[in-house]
>>> print(open('start.json').read())   # JSON, C-alpha atoms
[["chain", "number", "residue", "atom", "x", "y", "z"],
["A", 1204, "GLY", "CA", 13.23, -6.92, -87.47],
["A", 1205, "VAL", "CA", 10.70, -8.34, -85.01],
["A", 1206, "MET", "CA", 13.35, -8.81, -82.31],
["A", 1207, "THR", "CA", 14.70, -5.28, -82.90],
["A", 1208, "ALA", "CA", 11.20, -3.81, -82.57],
["A", 1209, "ALA", "CA", 10.62, -5.82, -79.40],
["A", 1210, "ALA", "CA", 13.97, -4.62, -78.01],
["A", 1211, "VAL", "CA", 13.06, -0.98, -78.69],
["A", 1212, "VAL", "CA", 9.62, -1.28, -77.08],
["A", 1213, "TYR", "CA", 11.14, -3.02, -74.06],
["A", 1214, "ALA", "CA", 13.87, -0.35, -73.78],
["A", 1215, "LEU", "CA", 11.29, 2.45, -73.90],
["A", 1216, "ALA", "CA", 9.26, 0.73, -71.18],
["A", 1217, "ALA", "CA", 12.38, 0.45, -69.02],
["A", 1218, "ILE", "CA", 13.34, 4.09, -69.61],
["A", 1219, "TYR", "CA", 9.90, 5.48, -68.78],
["A", 1220, "LEU", "CA", 9.57, 3.34, -65.65],
["A", 1221, "PRO", "CA", 12.58, 4.70, -63.74],
["A", 1222, "MET", "CA", 11.99, 2.59, -60.64],
["A", 1223, "LEU", "CA", 12.31, -0.55, -62.80],
["A", 1224, "THR", "CA", 15.02, 0.58, -65.22],
["A", 1225, "MET", "CA", 17.86, -1.50, -63.79],
["A", 1226, "MET", "CA", 15.65, -4.52, -63.11],
["A", 1227, "MET", "CA", 14.22, -4.52, -66.64],
["A", 1228, "GLY", "CA", 17.61, -3.64, -68.12],
["A", 1229, "MET", "CA", 19.05, -6.90, -66.80],
["A", 1230, "PHE", "CA", 16.91, -8.83, -69.30],
["A", 1231, "TRP", "CA", 17.26, -6.47, -72.30],
["A", 1232, "PRO", "CA", 20.47, -8.16, -73.59],
["A", 1233, "VAL", "CA", 18.42, -11.31, -74.27],
["A", 1234, "PHE", "CA", 16.90, -9.68, -77.40],
["A", 1235, "ILE", "CA", 20.32, -8.95, -78.92],
["A", 1236, "ALA", "CA", 21.76, -12.28, -77.77],
["A", 1237, "LEU", "CA", 18.94, -14.22, -79.41],
["A", 1238, "VAL", "CA", 19.53, -12.53, -82.77],
["A", 1239, "THR", "CA", 23.27, -13.20, -82.43],
["A", 1240, "VAL", "CA", 22.75, -16.88, -81.64],
["A", 1241, "ARG", "CA", 20.31, -17.44, -84.50],
["A", 1242, "GLU", "CA", 21.88, -15.27, -87.24],
["A", 1243, "GLY", "CA", 25.45, -14.48, -86.21],
["A", 1244, "LEU", "CA", 27.40, -11.61, -84.67],
["A", 1245, "ARG", "CA", 27.03, -9.34, -87.72],
["A", 1246, "TRP", "CA", 23.24, -9.37, -87.48],
["A", 1247, "GLY", "CA", 23.45, -8.95, -83.71],
["A", 1248, "VAL", "CA", 25.51, -5.78, -84.17],
["A", 1249, "LEU", "CA", 23.02, -4.49, -86.76],
["A", 1250, "ALA", "CA", 20.11, -5.18, -84.39],
["A", 1251, "ALA", "CA", 21.92, -3.35, -81.59],
["A", 1252, "ALA", "CA", 22.69, -0.39, -83.87],
["A", 1253, "ALA", "CA", 19.08, -0.20, -85.07],
["A", 1254, "SER", "CA", 17.86, -0.40, -81.47],
["A", 1255, "LEU", "CA", 20.25, 2.41, -80.55],
["A", 1256, "ILE", "CA", 18.98, 4.73, -83.31],
["A", 1257, "LEU", "CA", 15.28, 4.02, -82.73],
["A", 1258, "THR", "CA", 15.56, 4.31, -78.93],
["A", 1259, "MET", "CA", 17.33, 7.65, -79.31],
["A", 1260, "LEU", "CA", 14.52, 8.83, -81.62],
["A", 1261, "PHE", "CA", 11.61, 7.78, -79.42],
["A", 1262, "ALA", "CA", 13.27, 8.63, -76.11],
["A", 1263, "THR", "CA", 15.77, 11.41, -75.45],
["A", 1264, "PRO", "CA", 19.03, 10.87, -77.37],
["A", 1265, "VAL", "CA", 21.17, 10.82, -74.21],
["A", 1266, "THR", "CA", 18.92, 8.43, -72.30],
["A", 1267, "GLY", "CA", 18.49, 6.11, -75.27],
["A", 1268, "ALA", "CA", 22.19, 5.99, -76.03],
["A", 1269, "PHE", "CA", 23.12, 5.43, -72.39],
["A", 1270, "PHE", "CA", 20.65, 2.55, -72.03],
["A", 1271, "VAL", "CA", 21.56, 0.68, -75.22],
["A", 1272, "LEU", "CA", 25.32, 1.17, -74.81],
["A", 1273, "SER", "CA", 25.08, -0.12, -71.23],
["A", 1274, "PHE", "CA", 23.37, -3.40, -72.07],
["A", 1275, "ALA", "CA", 24.04, -4.21, -75.76],
["A", 1276, "PRO", "CA", 27.63, -5.53, -75.29],
["A", 1277, "THR", "CA", 26.35, -8.13, -72.83],
["A", 1278, "GLY", "CA", 23.89, -9.48, -75.39],
["A", 1279, "LEU", "CA", 26.43, -9.50, -78.22],
["A", 1280, "VAL", "CA", 29.13, -11.35, -76.28],
["A", 1281, "LEU", "CA", 26.72, -13.73, -74.58],
["A", 1282, "GLY", "CA", 25.06, -14.56, -77.91],
["A", 1283, "ALA", "CA", 28.40, -15.09, -79.66],
["A", 1284, "LEU", "CA", 29.61, -17.44, -76.92],
["A", 1285, "PHE", "CA", 26.35, -19.39, -76.97],
["A", 1286, "ARG", "CA", 26.61, -19.72, -80.76],
["A", 1287, "ARG", "CA", 30.13, -21.15, -80.43],
["A", 1288, "GLY", "CA", 29.01, -23.62, -77.75],
["A", 1289, "ALA", "CA", 31.16, -22.12, -74.99],
["A", 1290, "ASP", "CA", 30.88, -23.64, -71.54],
["A", 1291, "THR", "CA", 28.96, -21.95, -68.74],
["A", 1292, "VAL", "CA", 31.98, -20.42, -67.00],
["A", 1293, "ARG", "CA", 33.31, -18.83, -70.19],
["A", 1294, "ALA", "CA", 29.88, -17.52, -71.14],
["A", 1295, "LEU", "CA", 29.30, -15.93, -67.74],
["A", 1296, "THR", "CA", 32.82, -14.51, -67.51],
["A", 1297, "GLY", "CA", 32.73, -13.07, -71.01],
["A", 1298, "GLY", "CA", 29.26, -11.63, -70.47],
["A", 1299, "ALA", "CA", 30.28, -10.01, -67.19],
["A", 1300, "LEU", "CA", 33.36, -8.41, -68.78],
["A", 1301, "ALA", "CA", 31.21, -7.17, -71.68],
["A", 1302, "SER", "CA", 28.71, -5.73, -69.20],
["A", 1303, "LEU", "CA", 31.49, -3.83, -67.43],
["A", 1304, "ALA", "CA", 32.80, -2.57, -70.78],
["A", 1305, "GLY", "CA", 29.33, -1.42, -71.81],
["A", 1306, "LYS", "CA", 28.75, 0.48, -68.58],
["A", 1307, "ALA", "CA", 32.20, 2.07, -68.89],
["A", 1308, "ALA", "CA", 31.49, 3.08, -72.53],
["A", 1309, "ALA", "CA", 28.14, 4.62, -71.58],
["A", 1310, "ALA", "CA", 29.71, 6.49, -68.68],
["A", 1311, "GLY", "CA", 32.55, 7.67, -70.93],
["A", 1312, "MET", "CA", 30.03, 9.01, -73.44],
["A", 1313, "MET", "CA", 28.22, 10.95, -70.71],
["A", 1314, "LEU", "CA", 31.50, 12.28, -69.35],
["A", 1315, "LEU", "CA", 32.81, 13.26, -72.80],
["A", 1316, "LEU", "CA", 29.66, 14.98, -74.07],
["A", 1317, "PHE", "CA", 28.25, 16.55, -70.92],
["A", 1318, "GLY", "CA", 30.93, 16.31, -68.25],
["A", 1319, "LEU", "CA", 28.63, 14.12, -66.13],
["A", 1320, "ASN", "CA", 29.64, 10.92, -64.37],
["A", 1321, "PRO", "CA", 26.42, 8.88, -63.94],
["A", 1322, "PHE", "CA", 28.13, 6.45, -61.57],
["A", 1323, "ALA", "CA", 29.46, 9.11, -59.22],
["A", 1324, "MET", "CA", 27.63, 10.01, -56.05],
["A", 1325, "ASP", "CA", 28.15, 13.40, -54.47],
["A", 1326, "VAL", "CA", 28.52, 12.77, -50.76],
["A", 1327, "SER", "CA", 28.28, 16.47, -49.92],
["A", 1328, "MET", "CA", 24.95, 16.74, -51.75],
["A", 1329, "ALA", "CA", 23.65, 13.68, -49.95],
["A", 1330, "ASN", "CA", 24.76, 15.15, -46.65],
["A", 1331, "GLU", "CA", 23.00, 18.45, -47.45],
["A", 1332, "THR", "CA", 19.79, 16.53, -48.14],
["A", 1333, "MET", "CA", 20.20, 14.70, -44.87],
["A", 1334, "ASP", "CA", 20.76, 18.01, -43.02],
["A", 1335, "GLU", "CA", 17.58, 19.48, -44.51],
["A", 1336, "THR", "CA", 15.61, 16.41, -43.45],
["A", 1337, "LEU", "CA", 17.01, 16.56, -39.93],
["A", 1338, "ALA", "CA", 16.21, 20.28, -39.74],
["A", 1339, "MET", "CA", 12.60, 19.52, -40.59],
["A", 1340, "TYR", "CA", 12.46, 16.86, -37.88],
["A", 1341, "ARG", "CA", 14.07, 19.31, -35.45],
["A", 1342, "SER", "CA", 11.40, 21.89, -36.16],
["A", 1343, "LEU", "CA", 8.78, 19.27, -35.33],
["A", 1344, "GLY", "CA", 10.30, 18.88, -31.86],
["A", 1345, "MET", "CA", 12.22, 15.62, -32.25],
["A", 1346, "ASP", "CA", 14.85, 14.98, -29.58],
["A", 1347, "GLU", "CA", 18.42, 15.89, -30.59],
["A", 1348, "ALA", "CA", 19.77, 12.51, -29.52],
["A", 1349, "GLN", "CA", 17.32, 10.78, -31.81],
["A", 1350, "LEU", "CA", 18.35, 13.07, -34.65],
["A", 1351, "GLU", "CA", 21.97, 12.05, -34.26],
["A", 1352, "GLU", "CA", 20.98, 8.39, -34.27],
["A", 1353, "THR", "CA", 19.13, 8.81, -37.54],
["A", 1354, "ARG", "CA", 21.99, 10.53, -39.31],
["A", 1355, "ALA", "CA", 23.34, 8.33, -42.09],
["A", 1356, "ALA", "CA", 26.30, 10.33, -43.37],
["A", 1357, "GLN", "CA", 28.80, 7.63, -42.49],
["A", 1358, "VAL", "CA", 26.67, 5.03, -44.24],
["A", 1359, "LEU", "CA", 26.56, 7.20, -47.36],
["A", 1360, "GLU", "CA", 30.32, 7.65, -47.36],
["A", 1361, "LEU", "CA", 30.79, 3.90, -46.93],
["A", 1362, "PHE", "CA", 28.42, 3.29, -49.82],
["A", 1363, "VAL", "CA", 30.46, 5.60, -52.07],
["A", 1364, "LEU", "CA", 33.67, 3.78, -51.14],
["A", 1365, "MET", "CA", 32.10, 0.44, -52.05],
["A", 1366, "LEU", "CA", 30.70, 1.56, -55.43],
["A", 1367, "PRO", "CA", 33.30, -0.39, -57.51],
["A", 1368, "ALA", "CA", 32.32, -3.68, -55.85],
["A", 1369, "LEU", "CA", 28.62, -2.89, -56.21],
["A", 1370, "PHE", "CA", 29.23, -2.02, -59.87],
["A", 1371, "LEU", "CA", 30.95, -5.38, -60.44],
["A", 1372, "GLY", "CA", 28.19, -7.20, -58.59],
["A", 1373, "SER", "CA", 25.49, -5.62, -60.74],
["A", 1374, "SER", "CA", 27.29, -6.81, -63.89],
["A", 1375, "VAL", "CA", 27.44, -10.38, -62.57],
["A", 1376, "ILE", "CA", 23.73, -10.31, -61.69],
["A", 1377, "GLU", "CA", 22.87, -8.89, -65.12],
["A", 1378, "VAL", "CA", 24.75, -11.54, -67.10],
["A", 1379, "THR", "CA", 23.44, -14.36, -64.88],
["A", 1380, "ALA", "CA", 19.83, -13.24, -65.33],
["A", 1381, "SER", "CA", 20.29, -12.89, -69.10],
["A", 1382, "PHE", "CA", 22.02, -16.29, -69.25],
["A", 1383, "VAL", "CA", 19.15, -18.07, -67.50],
["A", 1384, "VAL", "CA", 16.42, -16.44, -69.62],
["A", 1385, "LEU", "CA", 18.33, -16.87, -72.90],
["A", 1386, "ARG", "CA", 18.94, -20.55, -72.21],
["A", 1387, "LYS", "CA", 15.24, -21.18, -71.50],
["A", 1388, "VAL", "CA", 14.26, -19.44, -74.75],
["A", 1389, "LEU", "CA", 16.81, -21.43, -76.77],
["A", 1390, "VAL", "CA", 15.64, -24.71, -75.23],
["A", 1391, "ARG", "CA", 12.07, -23.85, -76.24],
["A", 1392, "LEU", "CA", 13.35, -23.21, -79.77],
["A", 1393, "GLY", "CA", 15.05, -26.61, -79.84],
["A", 1394, "ILE", "CA", 18.63, -25.27, -79.73],
["A", 1395, "PRO", "CA", 20.85, -27.37, -77.41],
["A", 1396, "THR", "CA", 22.66, -25.29, -74.80],
["A", 1397, "LYS", "CA", 24.71, -25.89, -71.68],
["A", 1398, "GLY", "CA", 23.05, -24.79, -68.46],
["A", 1399, "LEU", "CA", 24.19, -23.92, -64.98],
["A", 1400, "PRO", "CA", 25.10, -26.82, -62.69],
["A", 1401, "ALA", "CA", 22.77, -27.70, -59.85],
["A", 1402, "PHE", "CA", 22.92, -25.12, -57.06],
["A", 1403, "THR", "CA", 23.94, -27.81, -54.58],
["A", 1404, "GLU", "CA", 27.09, -28.44, -56.65],
["A", 1405, "TRP", "CA", 28.29, -24.87, -57.00],
["A", 1406, "ARG", "CA", 31.91, -24.41, -56.02],
["A", 1407, "LEU", "CA", 33.63, -21.04, -56.39],
["A", 1408, "PRO", "CA", 37.41, -20.58, -56.86],
["A", 1409, "ILE", "CA", 39.60, -20.52, -53.77],
["A", 1410, "PHE", "CA", 40.67, -17.02, -54.87],
["A", 1411, "PHE", "CA", 37.75, -15.59, -52.86],
["A", 1412, "SER", "CA", 39.01, -17.11, -49.60],
["A", 1413, "TYR", "CA", 42.43, -15.53, -50.09],
["A", 1414, "LEU", "CA", 40.80, -12.26, -51.12],
["A", 1415, "PHE", "CA", 38.80, -12.24, -47.89],
["A", 1416, "ALA", "CA", 41.92, -12.79, -45.76],
["A", 1417, "PHE", "CA", 43.99, -10.13, -47.53],
["A", 1418, "SER", "CA", 41.06, -7.70, -47.45],
["A", 1419, "LEU", "CA", 40.87, -7.93, -43.66],
["A", 1420, "ILE", "CA", 44.59, -7.16, -43.46],
["A", 1421, "GLY", "CA", 44.21, -4.29, -45.93],
["A", 1422, "ILE", "CA", 41.30, -2.78, -43.99],
["A", 1423, "TYR", "CA", 43.36, -2.89, -40.77],
["A", 1424, "TRP", "CA", 46.48, -1.39, -42.32],
["A", 1425, "GLY", "CA", 44.55, 1.20, -44.30],
["A", 1426, "SER", "CA", 42.60, 2.43, -41.27],
["A", 1427, "THR", "CA", 45.47, 2.37, -38.75],
["A", 1428, "ARG", "CA", 48.08, 3.88, -41.11],
["A", 1429, "ASP", "CA", 45.66, 6.28, -42.82],
["A", 1430, "ILE", "CA", 46.21, 4.84, -46.32],
["A", 1431, "SER", "CA", 42.94, 5.76, -48.02],
["A", 1432, "TRP", "CA", 43.49, 3.93, -51.33],
["A", 1433, "LEU", "CA", 44.43, 0.71, -49.52],
["A", 1434, "TYR", "CA", 41.40, 1.00, -47.26],
["A", 1435, "GLN", "CA", 39.03, 1.51, -50.20],
["A", 1436, "ALA", "CA", 40.54, -1.34, -52.24],
["A", 1437, "ALA", "CA", 40.40, -3.69, -49.25],
["A", 1438, "LEU", "CA", 36.82, -2.66, -48.47],
["A", 1439, "ASN", "CA", 35.73, -3.50, -52.01],
["A", 1440, "GLY", "CA", 37.62, -6.78, -51.86],
["A", 1441, "TYR", "CA", 35.90, -7.61, -48.60],
["A", 1442, "LEU", "CA", 32.45, -6.99, -50.10],
["A", 1443, "ILE", "CA", 33.19, -9.13, -53.18],
["A", 1444, "SER", "CA", 34.53, -12.02, -51.10],
["A", 1445, "PHE", "CA", 31.65, -11.69, -48.62],
["A", 1446, "ILE", "CA", 29.06, -12.06, -51.39],
["A", 1447, "ALA", "CA", 30.98, -14.99, -52.90],
["A", 1448, "GLY", "CA", 31.10, -16.68, -49.49],
["A", 1449, "LEU", "CA", 27.38, -16.08, -49.03],
["A", 1450, "VAL", "CA", 26.58, -17.76, -52.36],
["A", 1451, "GLN", "CA", 28.84, -20.70, -51.51],
["A", 1452, "GLY", "CA", 27.38, -20.94, -48.01],
["A", 1453, "LEU", "CA", 23.81, -21.00, -49.31],
["A", 1454, "SER", "CA", 24.83, -23.73, -51.77],
["A", 1455, "LEU", "CA", 26.18, -25.76, -48.84],
["A", 1456, "VAL", "CA", 23.01, -25.16, -46.82],
["A", 1457, "GLN", "CA", 20.88, -26.30, -49.77],
["A", 1458, "PHE", "CA", 23.04, -29.42, -50.13],
["A", 1459, "LEU", "CA", 22.64, -30.32, -46.45],
["A", 1460, "MET", "CA", 18.90, -29.69, -46.45],
["A", 1461, "LYS", "CA", 18.46, -31.95, -49.47],
["A", 1462, "ARG", "CA", 20.74, -34.57, -47.93],
["A", 1463, "PHE", "CA", 18.62, -34.70, -44.76],
["A", 1464, "ASN", "CA", 15.31, -34.43, -46.66],
["A", 1465, "VAL", "CA", 14.21, -31.14, -45.10],
["A", 1466, "SER", "CA", 10.73, -30.18, -46.29],
["A", 1467, "SER", "CA", 10.23, -27.27, -48.69],
["A", 1468, "PHE", "CA", 8.31, -25.27, -46.08],
["A", 1469, "ILE", "CA", 11.15, -25.55, -43.54],
["A", 1470, "ARG", "CA", 13.66, -24.56, -46.23],
["A", 1471, "ILE", "CA", 11.71, -21.40, -46.98],
["A", 1472, "ILE", "CA", 11.58, -20.55, -43.26],
["A", 1473, "ILE", "CA", 15.35, -21.07, -42.96],
["A", 1474, "TYR", "CA", 16.09, -18.87, -45.98],
["A", 1475, "ILE", "CA", 13.80, -16.12, -44.66],
["A", 1476, "PHE", "CA", 15.55, -16.28, -41.28],
["A", 1477, "ILE", "CA", 18.96, -16.01, -42.97],
["A", 1478, "ALA", "CA", 17.78, -13.04, -45.07],
["A", 1479, "LEU", "CA", 16.38, -11.17, -42.06],
["A", 1480, "ASN", "CA", 19.18, -11.93, -39.61],
["A", 1481, "GLY", "CA", 22.39, -10.05, -40.36],
["A", 1482, "PHE", "CA", 24.47, -12.11, -37.93],
["A", 1483, "MET", "CA", 23.29, -15.37, -39.48],
["A", 1484, "THR", "CA", 24.04, -14.01, -42.96],
["A", 1485, "GLN", "CA", 27.58, -13.29, -41.84],
["A", 1486, "ILE", "CA", 27.96, -16.79, -40.38],
["A", 1487, "ILE", "CA", 26.74, -18.34, -43.64],
["A", 1488, "SER", "CA", 29.22, -16.22, -45.62],
["A", 1489, "TRP", "CA", 32.16, -17.21, -43.41],
["A", 1490, "THR", "CA", 31.11, -20.86, -43.62],
["A", 1491, "GLY", "CA", 30.99, -20.59, -47.40],
["A", 1492, "LEU", "CA", 34.49, -19.13, -47.51],
["A", 1493, "PHE", "CA", 35.78, -22.04, -45.44],
["A", 1494, "ASP", "CA", 33.85, -24.46, -47.67],
["A", 1495, "ILE", "CA", 35.62, -23.02, -50.72],
["A", 1496, "ALA", "CA", 38.95, -23.89, -49.10],
["A", 1497, "PHE", "CA", 38.14, -27.25, -47.47],
["A", 1498, "ASP", "CA", 35.18, -28.65, -49.51],
["A", 1499, "TYR", "CA", 32.94, -29.92, -46.71],
["A", 1500, "ARG", "CA", 30.65, -31.67, -49.19],
["A", 1501, "LYS", "CA", 33.47, -33.90, -50.38],
["A", 1502, "LYS", "CA", 34.37, -34.79, -46.80],
["A", 1503, "PHE", "CA", 30.73, -35.52, -46.03],
["A", 1504, "ARG", "CA", 30.40, -37.84, -49.04],
["A", 1505, "GLU", "CA", 33.61, -39.68, -48.10],
["A", 1506, "ARG", "CA", 32.34, -40.19, -44.55],
["A", 1507, "GLN", "CA", 29.03, -41.47, -45.89]]
>>> encode(input="start.json", output="structure tokens")
Amino acid sequence: GVMTAAAVVYALAAIYLPMLTMMMGMFWPVFIALVTVREGLRWGVLAAAASLILTMLFATPVTGAFFVLSFAPTGLVLGALFRRGADTVRALTGGALASLAGKAAAAGMMLLLFGLNPFAMDVSMANETMDETLAMYRSLGMDEAQLEETRAAQVLELFVLMLPALFLGSSVIEVTASFVVLRKVLVRLGIPTKGLPAFTEWRLPIFFSYLFAFSLIGIYWGSTRDISWLYQAALNGYLISFIAGLVQGLSLVQFLMKRFNVSSFIRIIIYIFIALNGFMTQIISWTGLFDIAFDYRKKFRERQ
């Protein structure tokens, strides 16, 4: 009962702080997962159902239902896997799939009841907003060349094409954040759990290297042969593999900095430089993709 009440209060805070809804929503599954770990899946489902009803009562029914349906499956699956002692990879994979299923169920509810797709972005509407903004700047005397430079229609269209990959990425971030917080809470409660390996030892599957290569081919064929579905699929594959390579590359950088005893201050400066420099970010991602295939850390240890 206490965890259900806390989940409802937290959900209401997330709903009424729209700028923080997604950020706070990432940690909401921890409430349901904790009940599931301690008492079992049946009580986890009951806590989620009670949270759904109370959130719909205190907030608007549509908003409450959309929020709880989006995040509750992550908590239920993550809690059930923790209770069974599943390893880290299985827990993260199962939680990510549950997160995707929850978002799809919430979107299906919105589409079925109101004909609205909350994950769709209307490019024409965004372009109209951009045109109105440019017209205001034009009335203020801004140069036409500058107006054309500020136009972001192509960026908006690219963003819409990459929504599936961004959707998948948000699910991975959500389950990882919930995993880390849930594990810390369980450790404080004296419940043994398996944690993430050290960041310097992270090694992603070689699938991402192949995905990157095939995505480049798909982008070329899709753009030159005007195959829109191939271009969109390859673009999403490129984004997924790019992010995976970036994570692997940062793990390699952290390994090298620890190996050569780089001070914490210099590490922070290097990470800030990588974050602010797009070209360097790309280099780190490519390096990570090659590291997935060739395992530079293993070669470095053998040479040592």
>>> atom_distance(input="start.json", atom1="atom CA of A:Phe1417", atom2="atom CA of A:Gly1440")
8.4 Å
>>> closest_atom_pairs(input="start.json", of="stretch 1430-1505 of chain A", to="stretch 1392-1408 of chain A", cutoff="6 Å", atoms="all atoms listed in the file", output="tab-separated table")
residue	atom	partner	partner_atom	distance
A:Ser1454	CA	A:Thr1403	CA	5.0
A:Gln1457	CA	A:Thr1403	CA	5.9
A:Phe1458	CA	A:Thr1403	CA	4.8
>>> write_last_selection(input="start.json", atoms="C-alpha atoms", output="tab-separated table (two decimals), in the coordinates of the input")
chain	number	residue	atom	x	y	z
A	1454	SER	CA	24.83	-23.73	-51.77
A	1457	GLN	CA	20.88	-26.30	-49.77
A	1458	PHE	CA	23.04	-29.42	-50.13
>>> closest_atom_pairs(input="start.json", of="stretch 1263-1287 of chain A", to="stretch 1248-1259 of chain A", cutoff="7 Å", atoms="all atoms listed in the file", output="CSV")
residue,atom,partner,partner_atom,distance
A:Thr1263,CA,A:Met1259,CA,5.6
A:Pro1264,CA,A:Met1259,CA,4.1
A:Gly1267,CA,A:Met1259,CA,4.5
A:Ala1268,CA,A:Leu1255,CA,6.1
A:Val1271,CA,A:Leu1255,CA,5.8
A:Ala1275,CA,A:Ala1251,CA,6.3
>>> atom_distance(input="start.json", atom1="atom CA of A:Ala1301", atom2="atom CA of A:Ile1495")
26.6 Å
>>> atom_distance(input="start.json", atom1="atom CA of A:Ala1447", atom2="atom CA of A:Thr1277")
21.6 Å
>>> closest_residue(input="start.json", among="A:Gln1435, A:Gln1485, A:Thr1239, A:Thr1291", to="A:Ala1368", atoms="all atoms listed in the file")
A:Gln1435
>>> residues_around(input="start.json", residues="stretch 1279-1283 of chain A", least_positions_apart="5", cutoff="12 Å", atoms="only C-alpha atoms", output="count of residues only")
56
>>> closest_residue(input="start.json", among="A:Ala1208, A:Ile1430, A:Ile1446, A:Ala1416", to="A:Ser1373", atoms="only C-alpha atoms")
A:Ile1446
>>> residues_around(input="start.json", residues="A:Leu1371", least_positions_apart="4", cutoff="9 Å", atoms="only C-alpha atoms", output="list in words")
Ala1299, Leu1303, Leu1366, Pro1367, Val1375, Ile1376 and Ile1443 of chain A
>>> closest_residue(input="start.json", among="A:Trp1432, A:Tyr1499, A:Phe1415, A:Tyr1423", to="A:Phe1445", atoms="only C-alpha atoms")
A:Phe1415
>>> closest_residue(input="start.json", among="A:Leu1215, A:Leu1223, A:Leu1315, A:Val1390", to="A:Thr1266", atoms="only C-alpha atoms")
A:Leu1215
>>> axis_aligned_box(input="start.json", around="stretch 1242-1248 of chain A", padding_each_side="4 Å", output="JSON")
{"center_x": 24.6, "center_y": -10.5, "center_z": -85.7, "size_x": 13.5, "size_y": 17.5, "size_z": 12.0}
>>> decode(input="start.json", residues="stretch 1392-1408 of chain A", atoms="N, CA and C atoms", output="PDB file, in the first residue's frame")
ATOM      1  N   LEU A1392      18.462  -2.861   1.052  1.00  0.00           N
ATOM      2  CA  LEU A1392      17.535  -3.723   1.788  1.00  0.00           C
ATOM      3  C   LEU A1392      18.141  -5.083   2.125  1.00  0.00           C
ATOM      4  N   GLY A1393      19.376  -5.310   1.694  1.00  0.00           N
ATOM      5  CA  GLY A1393      20.043  -6.569   1.994  1.00  0.00           C
ATOM      6  C   GLY A1393      19.692  -7.708   1.064  1.00  0.00           C
ATOM      7  N   ILE A1394      19.149  -7.395  -0.117  1.00  0.00           N
ATOM      8  CA  ILE A1394      18.797  -8.431  -1.094  1.00  0.00           C
ATOM      9  C   ILE A1394      19.918  -8.533  -2.119  1.00  0.00           C
ATOM     10  N   PRO A1395      20.587  -9.681  -2.240  1.00  0.00           N
ATOM     11  CA  PRO A1395      21.701  -9.796  -3.198  1.00  0.00           C
ATOM     12  C   PRO A1395      21.210  -9.707  -4.636  1.00  0.00           C
ATOM     13  N   THR A1396      21.880  -8.917  -5.433  1.00  0.00           N
ATOM     14  CA  THR A1396      21.527  -8.744  -6.841  1.00  0.00           C
ATOM     15  C   THR A1396      22.793  -8.672  -7.679  1.00  0.00           C
ATOM     16  N   LYS A1397      22.638  -8.964  -8.954  1.00  0.00           N
ATOM     17  CA  LYS A1397      23.751  -8.866  -9.896  1.00  0.00           C
ATOM     18  C   LYS A1397      23.743  -7.484 -10.536  1.00  0.00           C
ATOM     19  N   GLY A1398      24.884  -6.832 -10.551  1.00  0.00           N
ATOM     20  CA  GLY A1398      24.972  -5.485 -11.094  1.00  0.00           C
ATOM     21  C   GLY A1398      25.581  -5.455 -12.477  1.00  0.00           C
ATOM     22  N   LEU A1399      25.691  -4.264 -13.020  1.00  0.00           N
ATOM     23  CA  LEU A1399      26.328  -4.072 -14.311  1.00  0.00           C
ATOM     24  C   LEU A1399      27.833  -4.274 -14.180  1.00  0.00           C
ATOM     25  N   PRO A1400      28.487  -4.812 -15.212  1.00  0.00           N
ATOM     26  CA  PRO A1400      29.948  -4.902 -15.160  1.00  0.00           C
ATOM     27  C   PRO A1400      30.578  -3.519 -15.194  1.00  0.00           C
ATOM     28  N   ALA A1401      31.844  -3.443 -14.840  1.00  0.00           N
ATOM     29  CA  ALA A1401      32.552  -2.165 -14.880  1.00  0.00           C
ATOM     30  C   ALA A1401      32.496  -1.579 -16.291  1.00  0.00           C
ATOM     31  N   PHE A1402      32.350  -0.255 -16.367  1.00  0.00           N
ATOM     32  CA  PHE A1402      32.199   0.388 -17.673  1.00  0.00           C
ATOM     33  C   PHE A1402      33.396   0.113 -18.581  1.00  0.00           C
ATOM     34  N   THR A1403      34.569  -0.038 -17.996  1.00  0.00           N
ATOM     35  CA  THR A1403      35.763  -0.303 -18.798  1.00  0.00           C
ATOM     36  C   THR A1403      35.736  -1.688 -19.439  1.00  0.00           C
ATOM     37  N   GLU A1404      34.836  -2.565 -18.983  1.00  0.00           N
ATOM     38  CA  GLU A1404      34.766  -3.929 -19.506  1.00  0.00           C
ATOM     39  C   GLU A1404      33.550  -4.156 -20.398  1.00  0.00           C
ATOM     40  N   TRP A1405      32.816  -3.108 -20.698  1.00  0.00           N
ATOM     41  CA  TRP A1405      31.644  -3.286 -21.552  1.00  0.00           C
ATOM     42  C   TRP A1405      32.074  -3.718 -22.947  1.00  0.00           C
ATOM     43  N   ARG A1406      31.357  -4.688 -23.480  1.00  0.00           N
ATOM     44  CA  ARG A1406      31.618  -5.143 -24.851  1.00  0.00           C
ATOM     45  C   ARG A1406      30.284  -5.520 -25.488  1.00  0.00           C
ATOM     46  N   LEU A1407      29.891  -4.768 -26.503  1.00  0.00           N
ATOM     47  CA  LEU A1407      28.610  -4.974 -27.165  1.00  0.00           C
ATOM     48  C   LEU A1407      28.736  -6.032 -28.260  1.00  0.00           C
ATOM     49  N   PRO A1408      27.629  -6.650 -28.668  1.00  0.00           N
ATOM     50  CA  PRO A1408      27.682  -7.696 -29.703  1.00  0.00           C
ATOM     51  C   PRO A1408      28.181  -7.148 -31.038  1.00  0.00           C
TER      52      PRO A1408
END
